[in-house]
$ cat final.cif   # mmCIF, C-alpha atoms and all ligand atoms
data_data
loop_
_atom_site.label_atom_id
_atom_site.label_comp_id
_atom_site.auth_asym_id
_atom_site.auth_seq_id
_atom_site.Cartn_x
_atom_site.Cartn_y
_atom_site.Cartn_z
CA MET A 1 131.83 66.93 96.07
CA ARG A 2 133.97 66.16 99.10
CA THR A 3 136.03 63.56 97.20
CA ARG A 4 136.47 65.95 94.33
CA THR A 5 137.58 68.72 96.69
CA LEU A 6 140.08 66.51 98.42
CA GLY A 7 141.27 65.37 95.02
CA ILE A 8 141.94 68.90 93.85
CA THR A 9 143.62 69.87 97.10
CA ALA A 10 145.81 66.79 97.02
CA VAL A 11 146.84 67.41 93.40
CA ALA A 12 147.51 71.05 94.21
CA ALA A 13 149.60 70.14 97.26
CA LEU A 14 151.53 67.62 95.20
CA LEU A 15 152.16 70.19 92.50
CA THR A 16 153.35 72.73 95.06
CA PHE A 17 155.63 70.09 96.48
CA SER A 18 157.04 69.02 93.14
CA LEU A 19 157.62 72.64 92.03
CA ALA A 20 159.37 73.34 95.31
CA ALA A 21 161.36 70.13 94.99
CA CYS A 22 162.60 71.14 91.54
CA GLY A 23 163.55 74.54 92.96
CA GLN A 24 161.17 76.19 90.49
CA GLU A 25 158.41 78.61 91.06
CA ALA A 26 155.11 78.78 89.29
CA LYS A 27 155.19 82.22 87.70
CA GLY A 28 151.67 83.53 88.36
CA GLY A 29 148.49 82.27 86.78
CA SER A 30 146.57 79.83 88.91
CA ARG A 31 147.62 76.22 88.74
CA TYR A 32 143.92 75.72 88.27
CA LYS A 33 142.82 76.36 84.75
CA PRO A 34 139.49 78.13 84.23
CA ASP A 35 137.88 74.91 83.10
CA ASP A 36 138.68 73.30 86.43
CA GLY A 37 135.38 74.94 87.35
CA LYS A 38 134.02 74.85 90.87
CA GLY A 39 135.43 73.07 93.87
CA GLY A 40 138.50 73.43 96.05
CA THR A 41 138.92 75.55 99.15
CA ILE A 42 138.76 79.33 99.57
CA GLY A 43 140.94 80.80 102.34
CA LEU A 44 139.12 83.52 104.27
CA ALA A 45 141.53 85.58 106.41
CA MET A 46 139.54 87.93 108.66
CA PRO A 47 141.07 90.35 111.20
CA THR A 48 139.31 89.86 114.53
CA LYS A 49 136.31 88.45 116.33
CA SER A 50 136.19 91.42 118.69
CA SER A 51 133.69 93.15 116.46
CA GLU A 52 130.33 91.75 115.37
CA ARG A 53 130.77 92.81 111.82
CA TRP A 54 133.81 90.61 111.08
CA ILE A 55 132.09 87.60 112.59
CA ALA A 56 129.18 88.26 110.23
CA ASP A 57 131.51 88.87 107.26
CA GLY A 58 133.26 85.53 107.78
CA LYS A 59 130.05 83.60 108.35
CA ASN A 60 128.31 85.16 105.35
CA MET A 61 131.22 84.41 103.03
CA ALA A 62 131.63 80.85 104.28
CA GLU A 63 127.92 80.19 103.69
CA GLN A 64 127.80 81.85 100.32
CA PHE A 65 131.01 80.29 98.98
CA LYS A 66 129.65 76.89 100.04
CA LYS A 67 126.42 77.55 98.15
CA ALA A 68 128.52 78.47 95.11
CA GLY A 69 130.29 75.09 95.23
CA TYR A 70 133.46 75.68 97.27
CA GLU A 71 134.83 74.63 100.63
CA THR A 72 136.11 77.37 102.94
CA ASP A 73 138.83 77.76 105.54
CA LEU A 74 137.86 80.70 107.78
CA GLN A 75 140.55 82.14 110.06
CA TYR A 76 140.62 85.12 112.42
CA GLY A 77 143.93 86.84 113.22
CA ASP A 78 143.00 88.23 116.65
CA ASP A 79 144.18 91.64 115.39
CA LYS A 80 147.81 90.42 115.38
CA VAL A 81 149.68 90.82 112.11
CA GLU A 82 151.92 87.81 112.74
CA ASN A 83 148.87 85.58 113.25
CA GLN A 84 147.35 86.70 109.99
CA VAL A 85 150.59 86.18 108.07
CA ALA A 86 150.93 82.66 109.53
CA GLN A 87 147.31 81.87 108.69
CA ILE A 88 147.76 82.98 105.08
CA GLU A 89 151.01 81.02 104.80
CA ASN A 90 149.16 77.97 105.99
CA MET A 91 146.42 78.52 103.41
CA ILE A 92 149.05 78.69 100.67
CA THR A 93 150.70 75.51 101.91
CA LYS A 94 147.36 73.74 101.94
CA GLY A 95 146.88 74.69 98.29
CA HIS A 96 143.73 76.76 98.63
CA ARG A 97 142.43 78.11 95.34
CA LEU A 98 141.71 81.71 96.28
CA LEU A 99 142.49 83.99 99.21
CA VAL A 100 140.06 86.60 100.52
CA VAL A 101 141.88 88.85 102.97
CA ALA A 102 140.65 91.64 105.25
CA ALA A 103 144.06 92.91 106.32
CA ILE A 104 144.99 93.70 109.91
CA ASN A 105 147.83 95.86 108.63
CA GLY A 106 147.41 96.76 104.97
CA SER A 107 151.16 97.12 104.45
CA ALA A 108 152.36 93.92 106.13
CA LEU A 109 151.39 91.28 103.58
CA THR A 110 153.87 91.90 100.76
CA ASP A 111 156.04 88.81 101.35
CA VAL A 112 153.26 86.37 102.02
CA LEU A 113 151.27 87.53 99.00
CA LYS A 114 154.37 87.12 96.82
CA ARG A 115 154.30 83.48 97.94
CA ALA A 116 150.62 83.26 97.05
CA HIS A 117 151.36 84.69 93.63
CA ASP A 118 154.23 82.29 93.06
CA ALA A 119 151.87 79.44 93.92
CA GLY A 120 149.35 80.83 91.44
CA ILE A 121 146.72 81.73 94.01
CA PRO A 122 144.63 84.80 93.25
CA VAL A 123 143.85 87.31 96.02
CA ILE A 124 140.81 89.47 96.72
CA SER A 125 141.31 92.31 99.17
CA TYR A 126 138.20 92.43 101.33
CA ASP A 127 136.83 95.70 102.76
CA ARG A 128 140.36 97.05 103.43
CA LEU A 129 142.81 97.60 100.59
CA ILE A 130 146.10 95.67 100.80
CA LEU A 131 148.98 98.03 100.10
CA GLY A 132 152.44 97.89 98.55
CA THR A 133 152.06 94.76 96.44
CA GLU A 134 151.19 93.89 92.87
CA ASN A 135 149.86 90.60 94.11
CA VAL A 136 146.34 91.63 94.86
CA ASP A 137 143.90 91.01 92.05
CA TYR A 138 140.64 92.66 93.10
CA TYR A 139 139.19 94.81 95.85
CA ALA A 140 135.64 94.48 97.19
CA SER A 141 134.46 97.13 99.62
CA PHE A 142 132.06 99.96 100.29
CA ASP A 143 132.65 103.45 98.99
CA ASN A 144 134.88 104.39 101.92
CA GLU A 145 135.16 108.08 101.16
CA ARG A 146 131.39 108.30 101.00
CA VAL A 147 131.20 106.78 104.50
CA GLY A 148 133.19 109.78 105.76
CA ARG A 149 131.11 112.24 103.77
CA LEU A 150 127.90 110.78 105.22
CA GLN A 151 129.29 111.22 108.75
CA GLY A 152 130.46 114.78 108.04
CA GLN A 153 127.20 115.81 106.39
CA TYR A 154 125.20 114.32 109.23
CA LEU A 155 127.07 116.50 111.73
CA VAL A 156 126.59 119.63 109.61
CA ASP A 157 122.86 119.00 109.25
CA LYS A 158 122.28 118.03 112.86
CA LEU A 159 124.18 121.06 114.18
CA LYS A 160 122.21 123.21 111.71
CA LEU A 161 125.40 124.96 110.65
CA GLY A 162 123.92 126.71 107.65
CA GLU A 163 125.91 128.12 104.77
CA PRO A 164 129.61 128.55 105.52
CA GLU A 165 129.73 131.71 103.37
CA LYS A 166 127.40 133.44 105.83
CA GLY A 167 129.88 132.85 108.63
CA ALA A 168 129.47 131.96 112.25
CA GLY A 169 127.00 132.83 114.89
CA ASP A 170 128.10 131.09 118.06
CA PRO A 171 130.68 128.50 116.99
CA ARG A 172 129.88 124.88 117.77
CA SER A 173 132.56 122.65 119.23
CA ILE A 174 133.58 119.30 117.81
CA GLU A 175 136.21 116.65 118.58
CA LEU A 176 137.57 114.37 115.89
CA PHE A 177 138.36 110.65 116.01
CA ALA A 178 139.93 108.52 113.29
CA GLY A 179 140.34 104.75 112.90
CA ASP A 180 143.35 102.45 113.15
CA PRO A 181 146.49 103.99 111.63
CA ASP A 182 147.40 100.70 109.89
CA ASP A 183 144.03 100.35 108.17
CA ASN A 184 143.97 101.92 104.73
CA ASN A 185 140.26 102.73 105.13
CA THR A 186 141.04 105.14 107.94
CA LYS A 187 142.27 107.90 105.66
CA TYR A 188 139.34 107.53 103.26
CA PHE A 189 136.82 107.91 106.11
CA TRP A 190 138.76 110.87 107.50
CA ASN A 191 139.25 112.60 104.15
CA GLY A 192 135.59 112.16 103.25
CA ALA A 193 134.46 113.74 106.53
CA MET A 194 137.03 116.55 106.29
CA LYS A 195 135.91 117.44 102.77
CA VAL A 196 132.49 118.22 104.21
CA LEU A 197 133.63 119.81 107.49
CA LYS A 198 136.52 121.97 106.26
CA PRO A 199 134.44 124.93 105.01
CA TYR A 200 132.88 125.16 108.48
CA PHE A 201 136.29 125.12 110.19
CA ASP A 202 137.42 127.82 107.77
CA SER A 203 134.36 129.99 108.46
CA GLY A 204 134.73 129.54 112.24
CA GLN A 205 131.34 127.86 112.61
CA LEU A 206 133.03 124.71 113.89
CA VAL A 207 135.87 124.71 116.40
CA VAL A 208 138.07 121.89 117.68
CA ARG A 209 138.90 123.17 121.17
CA SER A 210 141.62 120.55 121.77
CA LYS A 211 143.30 121.73 118.55
CA GLN A 212 143.87 118.06 117.68
CA THR A 213 142.89 118.45 114.07
CA ARG A 214 145.41 116.25 112.28
CA ILE A 215 144.66 112.64 111.46
CA ASN A 216 147.74 111.39 113.30
CA GLN A 217 146.48 113.08 116.48
CA ALA A 218 143.06 111.47 116.09
CA THR A 219 143.78 107.83 115.18
CA THR A 220 142.63 104.99 117.44
CA LEU A 221 144.93 101.98 117.58
CA LYS A 222 143.09 98.77 116.57
CA TRP A 223 139.80 100.67 116.45
CA ASP A 224 139.67 100.07 120.19
CA GLY A 225 136.74 101.55 122.13
CA GLY A 226 138.67 101.64 125.42
CA THR A 227 141.48 103.64 123.79
CA ALA A 228 138.92 106.09 122.40
CA GLN A 229 137.30 106.38 125.82
CA LYS A 230 140.63 107.34 127.42
CA ARG A 231 141.35 109.92 124.74
CA MET A 232 137.87 111.42 125.12
CA ASP A 233 138.28 111.55 128.94
CA ASP A 234 141.47 113.45 128.36
CA LEU A 235 140.01 115.85 125.79
CA ILE A 236 137.08 116.70 128.05
CA SER A 237 139.23 117.36 131.10
CA LYS A 238 141.94 119.33 129.30
CA SER A 239 139.94 121.36 126.78
CA TYR A 240 136.38 121.71 128.00
CA GLY A 241 136.22 122.80 131.66
CA ASP A 242 132.89 124.64 131.78
CA LYS A 243 132.48 124.49 127.99
CA ARG A 244 130.36 121.96 126.14
CA VAL A 245 131.28 119.48 123.39
CA ASP A 246 128.57 119.80 120.76
CA ALA A 247 129.64 117.05 118.38
CA VAL A 248 132.05 114.15 117.96
CA LEU A 249 133.15 112.68 114.66
CA SER A 250 133.53 108.95 115.29
CA PRO A 251 134.41 106.63 112.41
CA TYR A 252 133.16 103.37 113.94
CA ASP A 253 130.49 102.15 116.37
CA GLY A 254 132.98 100.49 118.76
CA ILE A 255 134.78 103.82 119.08
CA SER A 256 131.48 105.68 119.54
CA ILE A 257 130.62 103.42 122.48
CA GLY A 258 133.91 104.34 124.21
CA ILE A 259 133.36 108.04 123.53
CA ILE A 260 129.84 107.89 124.96
CA SER A 261 131.14 106.23 128.14
CA ALA A 262 133.65 109.05 128.62
CA LEU A 263 130.98 111.67 128.01
CA LYS A 264 128.59 110.05 130.48
CA SER A 265 131.32 109.91 133.15
CA ALA A 266 131.76 113.65 132.63
CA GLY A 267 128.05 114.26 133.21
CA TYR A 268 126.70 114.36 129.66
CA GLY A 269 123.50 112.50 128.89
CA THR A 270 121.52 113.91 131.77
CA GLY A 271 118.52 116.21 131.29
CA SER A 272 120.46 119.44 131.67
CA GLU A 273 123.45 118.34 129.61
CA PRO A 274 122.44 116.26 126.60
CA LEU A 275 125.01 114.15 124.80
CA PRO A 276 126.69 115.69 121.74
CA VAL A 277 125.87 114.58 118.22
CA ILE A 278 127.95 111.41 117.69
CA THR A 279 128.44 109.53 114.45
CA GLY A 280 129.50 105.91 113.89
CA GLN A 281 129.82 103.13 111.35
CA ASP A 282 128.76 99.50 110.86
CA ALA A 283 125.26 99.51 112.38
CA GLU A 284 126.39 97.11 115.10
CA LEU A 285 123.53 95.91 117.30
CA ALA A 286 124.72 97.65 120.49
CA SER A 287 125.03 100.95 118.64
CA VAL A 288 121.70 100.68 116.87
CA LYS A 289 120.11 100.11 120.28
CA SER A 290 122.05 103.10 121.59
CA ILE A 291 120.65 105.19 118.72
CA ILE A 292 117.12 104.06 119.56
CA ARG A 293 117.75 105.01 123.23
CA GLY A 294 118.90 108.45 122.07
CA GLU A 295 122.61 108.14 122.97
CA GLN A 296 124.66 107.58 119.78
CA THR A 297 123.10 109.75 117.08
CA GLN A 298 124.03 108.14 113.78
CA THR A 299 125.78 105.19 112.19
CA VAL A 300 126.64 104.17 108.64
CA PHE A 301 125.07 100.91 107.56
CA LYS A 302 127.23 98.66 105.38
CA ASP A 303 125.35 95.44 104.66
CA THR A 304 128.00 92.74 105.17
CA ARG A 305 125.74 90.19 103.46
CA LYS A 306 125.93 92.20 100.25
CA LEU A 307 129.69 92.60 100.49
CA ALA A 308 130.03 88.85 101.00
CA ALA A 309 127.74 88.16 98.03
CA GLN A 310 129.75 90.51 95.83
CA THR A 311 133.04 88.91 96.89
CA VAL A 312 131.73 85.41 96.24
CA LYS A 313 130.58 86.53 92.79
CA MET A 314 134.00 87.99 92.02
CA GLY A 315 135.86 84.97 93.42
CA ASP A 316 133.70 82.54 91.47
CA ALA A 317 134.27 84.53 88.28
CA VAL A 318 138.06 84.50 88.85
CA LEU A 319 138.04 80.74 89.41
CA THR A 320 135.80 79.85 86.51
CA GLY A 321 137.49 82.16 84.02
CA LYS A 322 134.54 84.54 83.69
CA LYS A 323 134.73 88.32 83.43
CA VAL A 324 135.01 89.85 86.90
CA GLN A 325 132.61 92.75 87.38
CA VAL A 326 134.11 95.93 88.85
CA ASN A 327 132.80 99.50 89.10
CA ASN A 328 135.94 101.45 90.00
CA THR A 329 139.23 101.24 88.16
CA THR A 330 140.72 104.58 89.14
CA ASP A 331 140.60 105.35 92.88
CA TYR A 332 142.28 102.50 94.72
CA HIS A 333 145.98 102.68 94.00
CA ASN A 334 147.87 100.61 96.55
CA GLY A 335 151.33 102.03 95.89
CA GLU A 336 152.12 99.39 93.27
CA LYS A 337 149.00 99.22 91.13
CA THR A 338 145.47 100.49 90.82
CA VAL A 339 143.42 97.61 92.10
CA PRO A 340 140.18 97.05 90.17
CA ALA A 341 137.41 97.44 92.72
CA PHE A 342 133.74 96.89 93.27
CA LEU A 343 132.35 99.43 95.74
CA LEU A 344 128.96 99.14 97.38
CA LYS A 345 126.94 102.06 98.68
CA PRO A 346 126.87 102.84 102.41
CA VAL A 347 123.69 104.25 103.98
CA SER A 348 123.34 106.75 106.83
CA VAL A 349 121.10 105.54 109.67
CA ASP A 350 119.75 107.49 112.64
CA LYS A 351 116.70 107.21 114.90
CA SER A 352 114.41 108.19 112.03
CA ASN A 353 115.25 105.18 109.83
CA THR A 354 116.44 102.26 112.00
CA LYS A 355 113.33 100.46 110.65
CA LEU A 356 115.30 100.06 107.42
CA LEU A 357 117.55 97.55 109.19
CA VAL A 358 114.51 95.42 110.04
CA ASP A 359 112.95 95.83 106.58
CA GLU A 360 116.22 94.66 105.01
CA GLY A 361 116.30 91.67 107.38
CA TYR A 362 119.61 92.78 108.93
CA PHE A 363 118.08 92.64 112.40
CA THR A 364 114.74 91.35 113.64
CA ALA A 365 112.32 93.79 115.26
CA GLY A 366 112.82 91.77 118.48
CA GLN A 367 116.59 92.38 118.47
CA LEU A 368 116.07 96.13 118.38
CA LYS A 369 113.70 96.18 121.37
C1 LIG B 1 137.24 99.13 108.89
C2 LIG B 1 135.91 98.86 108.30
C3 LIG B 1 134.85 99.48 109.17
C4 LIG B 1 135.00 99.02 110.61
C5 LIG B 1 136.43 99.10 111.10
C6 LIG B 1 136.65 98.45 112.44
O1 LIG B 1 138.24 98.65 108.08
O2 LIG B 1 135.80 99.36 106.99
O3 LIG B 1 133.58 99.17 108.66
O4 LIG B 1 134.52 97.72 110.71
O5 LIG B 1 137.32 98.53 110.16
O6 LIG B 1 136.38 97.09 112.42
#
$ encode --input "final.cif" --output "structure tokens"
Amino acid sequence: MRTRTLGITAVAALLTFSLAACGQEAKGGSRYKPDDGKGGTIGLAMPTKSSERWIADGKNMAEQFKKAGYETDLQYGDDKVENQVAQIENMITKGHRLLVVAAINGSALTDVLKRAHDAGIPVISYDRLILGTENVDYYASFDNERVGRLQGQYLVDKLKLGEPEKGAGDPRSIELFAGDPDDNNTKYFWNGAMKVLKPYFDSGQLVVRSKQTRINQATTLKWDGGTAQKRMDDLISKSYGDKRVDAVLSPYDGISIGIISALKSAGYGTGSEPLPVITGQDAELASVKSIIRGEQTQTVFKDTRKLAAQTVKMGDAVLTGKKVQVNNTTDYHNGEKTVPAFLLKPVSVDKSNTKLLVDEGYFTAGQLK
């Protein structure tokens, strides 16, 4: 296996070299023919190790691609675009067969993916859609809009808002957080949540006291919890005074943790002043424990093992010339093309169903103690 892999890589590198030497470019279509079958190396370009989920995503894919008969080259970009571009360039130079990329900045990969295309290397966009390029072949993710709808609906149910047509009793207050402005998922999460919440803003049942209701006022650079904490500190001190925050829309567990810290510093979370309803996403261990303790209220579980399995299936099909299974060919236009996608289903988790995470083997019962 190893000899064969090295053989393929060496031939590929040689071919790249000789094409470059002749001043020609391979015009698309992998230099591997479908009947080359298994083997070779898959480049896995992940964004950051600062969040548990991406560590799990990388590990799961590396394991599963290996089981499927491929070597892997797993790289993390430390949330810096230039690192990720350099890592992908390196993967192209090494002659990897397929690139799986979770973009740090969805719009910053146009040039490097043109190089991948010219070298005949197919690309799967992982979790986050890569924008502004034709050179992305497939997209594997969760239904991102549904993530936002699950968060929005959770808030509506938990606040017992009732039918918007019947109008407000006492309005409930909410503050809104969005994800990283460079991540294409951010707007899907936001739009999904807003679809559910808008009727309640319109009826006056929900009020954003800070008046920061636009996505560009609510984004959180690099999904950073500390940044969210500072913004929440600020919102509480400027807009709440003696008033209470009843709910916070948070798109991601790391952000929720920052928000909860700010709220606790302002005196929430004590007997007389309970914490607001706070959403999240990713079912990260610290947040699931926080939910069990009664601090964060909800998260959205996206099983990274299943996303890895789906991506490996798609990648293997691409490389062995089989039909690639997709379930969405309409919704993910990246500015240049509609990228055929396979979307998995996210699941809402709160205190009442954290057991699901143990039943599914995502965490052990011991980890959640
Ligand atoms: C998004 C991803 C979320 C969350 C966030 C921060 O792109 O879809 O699940 O992980 O990044 O890492």
$ residues_near_ligand --input "final.cif" --ligand "ligand LIG 1 (chain B)" --cutoff "8 Å" --atoms "all atoms listed in the file" --output "list in words"
Ser51, Arg53, Trp54, Ala102, Asp127, Arg128, Ser141, Phe142, Asn144, Gly179, Asp180, Asp183, Asn184, Asn185, Thr186, Lys222, Trp223, Pro251, Tyr252, Asp253, Gly254, Gln281, Asp282 and Lys302 of chain A
$ atom_distance --input "final.cif" --atom1 "CA of Val81 (chain A)" --atom2 "CA of Leu113 (chain A)"
13.6 Å
$ closest_residue --input "final.cif" --among "A:Lys158, A:Lys114, A:Arg305, A:Arg214" --to "Leu344 (chain A)" --atoms "only C-alpha atoms"
A:Arg305
$ closest_residue --input "final.cif" --among "A:Val347, A:Leu74, A:Leu307, A:Val85" --to "Gly148 (chain A)" --atoms "all atoms listed in the file"
A:Val347
$ atom_distance --input "final.cif" --atom1 "CA of Gln296 (chain A)" --atom2 "CA of Gly77 (chain A)"
29.1 Å
$ residues_around --input "final.cif" --residues "Arg209 (chain A)" --least-positions-apart "4" --cutoff "8 Å" --atoms "all atoms listed in the file" --output "list in words"
Ser173, Ile174, Glu175, Ser239 and Tyr240 of chain A
$ atom_distance --input "final.cif" --atom1 "CA of Pro346 (chain A)" --atom2 "CA of Phe301 (chain A)"
5.8 Å
$ closest_residue --input "final.cif" --among "A:Gly120, A:Pro47, A:Gly169, A:Gly95" --to "Asp78 (chain A)" --atoms "only C-alpha atoms"
A:Pro47
$ residues_near_point --input "final.cif" --point "(132.7, 77.0, 98.5)" --cutoff "8 Å" --atoms "only C-alpha atoms" --output "PyMOL selection string"
chain A and resi 39-42+62-72
$ closest_residue --input "final.cif" --among "A:Ala247, A:Ala309, A:Ile291, A:Val318" --to "Ile124 (chain A)" --atoms "only C-alpha atoms"
A:Val318
$ build_atoms --input "final.cif" --residues "region 295-311 of chain A" --atoms "N, CA, C and O atoms" --output "PDB file, keeping the file's coordinate frame"
ATOM      1  N   GLU A 295     121.230 107.833 122.534  1.00  0.00           N
ATOM      2  CA  GLU A 295     122.610 108.140 122.970  1.00  0.00           C
ATOM      3  C   GLU A 295     123.482 108.402 121.739  1.00  0.00           C
ATOM      4  O   GLU A 295     123.725 109.547 121.378  1.00  0.00           O
ATOM      5  N   GLN A 296     123.977 107.338 121.062  1.00  0.00           N
ATOM      6  CA  GLN A 296     124.660 107.580 119.780  1.00  0.00           C
ATOM      7  C   GLN A 296     123.638 108.193 118.825  1.00  0.00           C
ATOM      8  O   GLN A 296     122.440 107.884 118.909  1.00  0.00           O
ATOM      9  N   THR A 297     124.093 109.064 117.921  1.00  0.00           N
ATOM     10  CA  THR A 297     123.100 109.750 117.080  1.00  0.00           C
ATOM     11  C   THR A 297     122.947 109.090 115.714  1.00  0.00           C
ATOM     12  O   THR A 297     121.851 109.000 115.177  1.00  0.00           O
ATOM     13  N   GLN A 298     124.083 108.641 115.156  1.00  0.00           N
ATOM     14  CA  GLN A 298     124.030 108.140 113.780  1.00  0.00           C
ATOM     15  C   GLN A 298     125.017 107.002 113.613  1.00  0.00           C
ATOM     16  O   GLN A 298     125.997 106.877 114.369  1.00  0.00           O
ATOM     17  N   THR A 299     124.776 106.166 112.608  1.00  0.00           N
ATOM     18  CA  THR A 299     125.780 105.190 112.190  1.00  0.00           C
ATOM     19  C   THR A 299     125.710 105.081 110.674  1.00  0.00           C
ATOM     20  O   THR A 299     124.796 105.633 110.042  1.00  0.00           O
ATOM     21  N   VAL A 300     126.691 104.409 110.090  1.00  0.00           N
ATOM     22  CA  VAL A 300     126.640 104.170 108.640  1.00  0.00           C
ATOM     23  C   VAL A 300     126.492 102.666 108.437  1.00  0.00           C
ATOM     24  O   VAL A 300     127.306 101.884 108.916  1.00  0.00           O
ATOM     25  N   PHE A 301     125.416 102.317 107.770  1.00  0.00           N
ATOM     26  CA  PHE A 301     125.070 100.910 107.560  1.00  0.00           C
ATOM     27  C   PHE A 301     125.783 100.390 106.309  1.00  0.00           C
ATOM     28  O   PHE A 301     125.644 100.954 105.235  1.00  0.00           O
ATOM     29  N   LYS A 302     126.572  99.315 106.514  1.00  0.00           N
ATOM     30  CA  LYS A 302     127.230  98.660 105.380  1.00  0.00           C
ATOM     31  C   LYS A 302     126.801  97.186 105.460  1.00  0.00           C
ATOM     32  O   LYS A 302     127.228  96.475 106.369  1.00  0.00           O
ATOM     33  N   ASP A 303     125.948  96.783 104.574  1.00  0.00           N
ATOM     34  CA  ASP A 303     125.350  95.440 104.660  1.00  0.00           C
ATOM     35  C   ASP A 303     126.406  94.383 104.318  1.00  0.00           C
ATOM     36  O   ASP A 303     126.753  94.184 103.153  1.00  0.00           O
ATOM     37  N   THR A 304     126.913  93.723 105.365  1.00  0.00           N
ATOM     38  CA  THR A 304     128.000  92.740 105.170  1.00  0.00           C
ATOM     39  C   THR A 304     127.540  91.549 104.321  1.00  0.00           C
ATOM     40  O   THR A 304     128.360  90.912 103.675  1.00  0.00           O
ATOM     41  N   ARG A 305     126.221  91.301 104.303  1.00  0.00           N
ATOM     42  CA  ARG A 305     125.740  90.190 103.460  1.00  0.00           C
ATOM     43  C   ARG A 305     125.963  90.507 101.992  1.00  0.00           C
ATOM     44  O   ARG A 305     126.297  89.659 101.183  1.00  0.00           O
ATOM     45  N   LYS A 306     125.754  91.802 101.658  1.00  0.00           N
ATOM     46  CA  LYS A 306     125.930  92.200 100.250  1.00  0.00           C
ATOM     47  C   LYS A 306     127.392  92.195  99.853  1.00  0.00           C
ATOM     48  O   LYS A 306     127.748  91.841  98.731  1.00  0.00           O
ATOM     49  N   LEU A 307     128.259  92.606 100.798  1.00  0.00           N
ATOM     50  CA  LEU A 307     129.690  92.600 100.490  1.00  0.00           C
ATOM     51  C   LEU A 307     130.177  91.157 100.299  1.00  0.00           C
ATOM     52  O   LEU A 307     130.960  90.865  99.389  1.00  0.00           O
ATOM     53  N   ALA A 308     129.675  90.269 101.146  1.00  0.00           N
ATOM     54  CA  ALA A 308     130.030  88.850 101.000  1.00  0.00           C
ATOM     55  C   ALA A 308     129.546  88.335  99.648  1.00  0.00           C
ATOM     56  O   ALA A 308     130.307  87.681  98.914  1.00  0.00           O
ATOM     57  N   ALA A 309     128.306  88.652  99.304  1.00  0.00           N
ATOM     58  CA  ALA A 309     127.740  88.160  98.030  1.00  0.00           C
ATOM     59  C   ALA A 309     128.574  88.664  96.853  1.00  0.00           C
ATOM     60  O   ALA A 309     128.874  87.913  95.919  1.00  0.00           O
ATOM     61  N   GLN A 310     128.959  89.924  96.912  1.00  0.00           N
ATOM     62  CA  GLN A 310     129.750  90.510  95.830  1.00  0.00           C
ATOM     63  C   GLN A 310     131.116  89.810  95.723  1.00  0.00           C
ATOM     64  O   GLN A 310     131.597  89.506  94.632  1.00  0.00           O
ATOM     65  N   THR A 311     131.717  89.550  96.873  1.00  0.00           N
ATOM     66  CA  THR A 311     133.040  88.910  96.890  1.00  0.00           C
ATOM     67  C   THR A 311     132.963  87.484  96.349  1.00  0.00           C
ATOM     68  O   THR A 311     133.840  87.050  95.595  1.00  0.00           O
TER      69      THR A 311
END
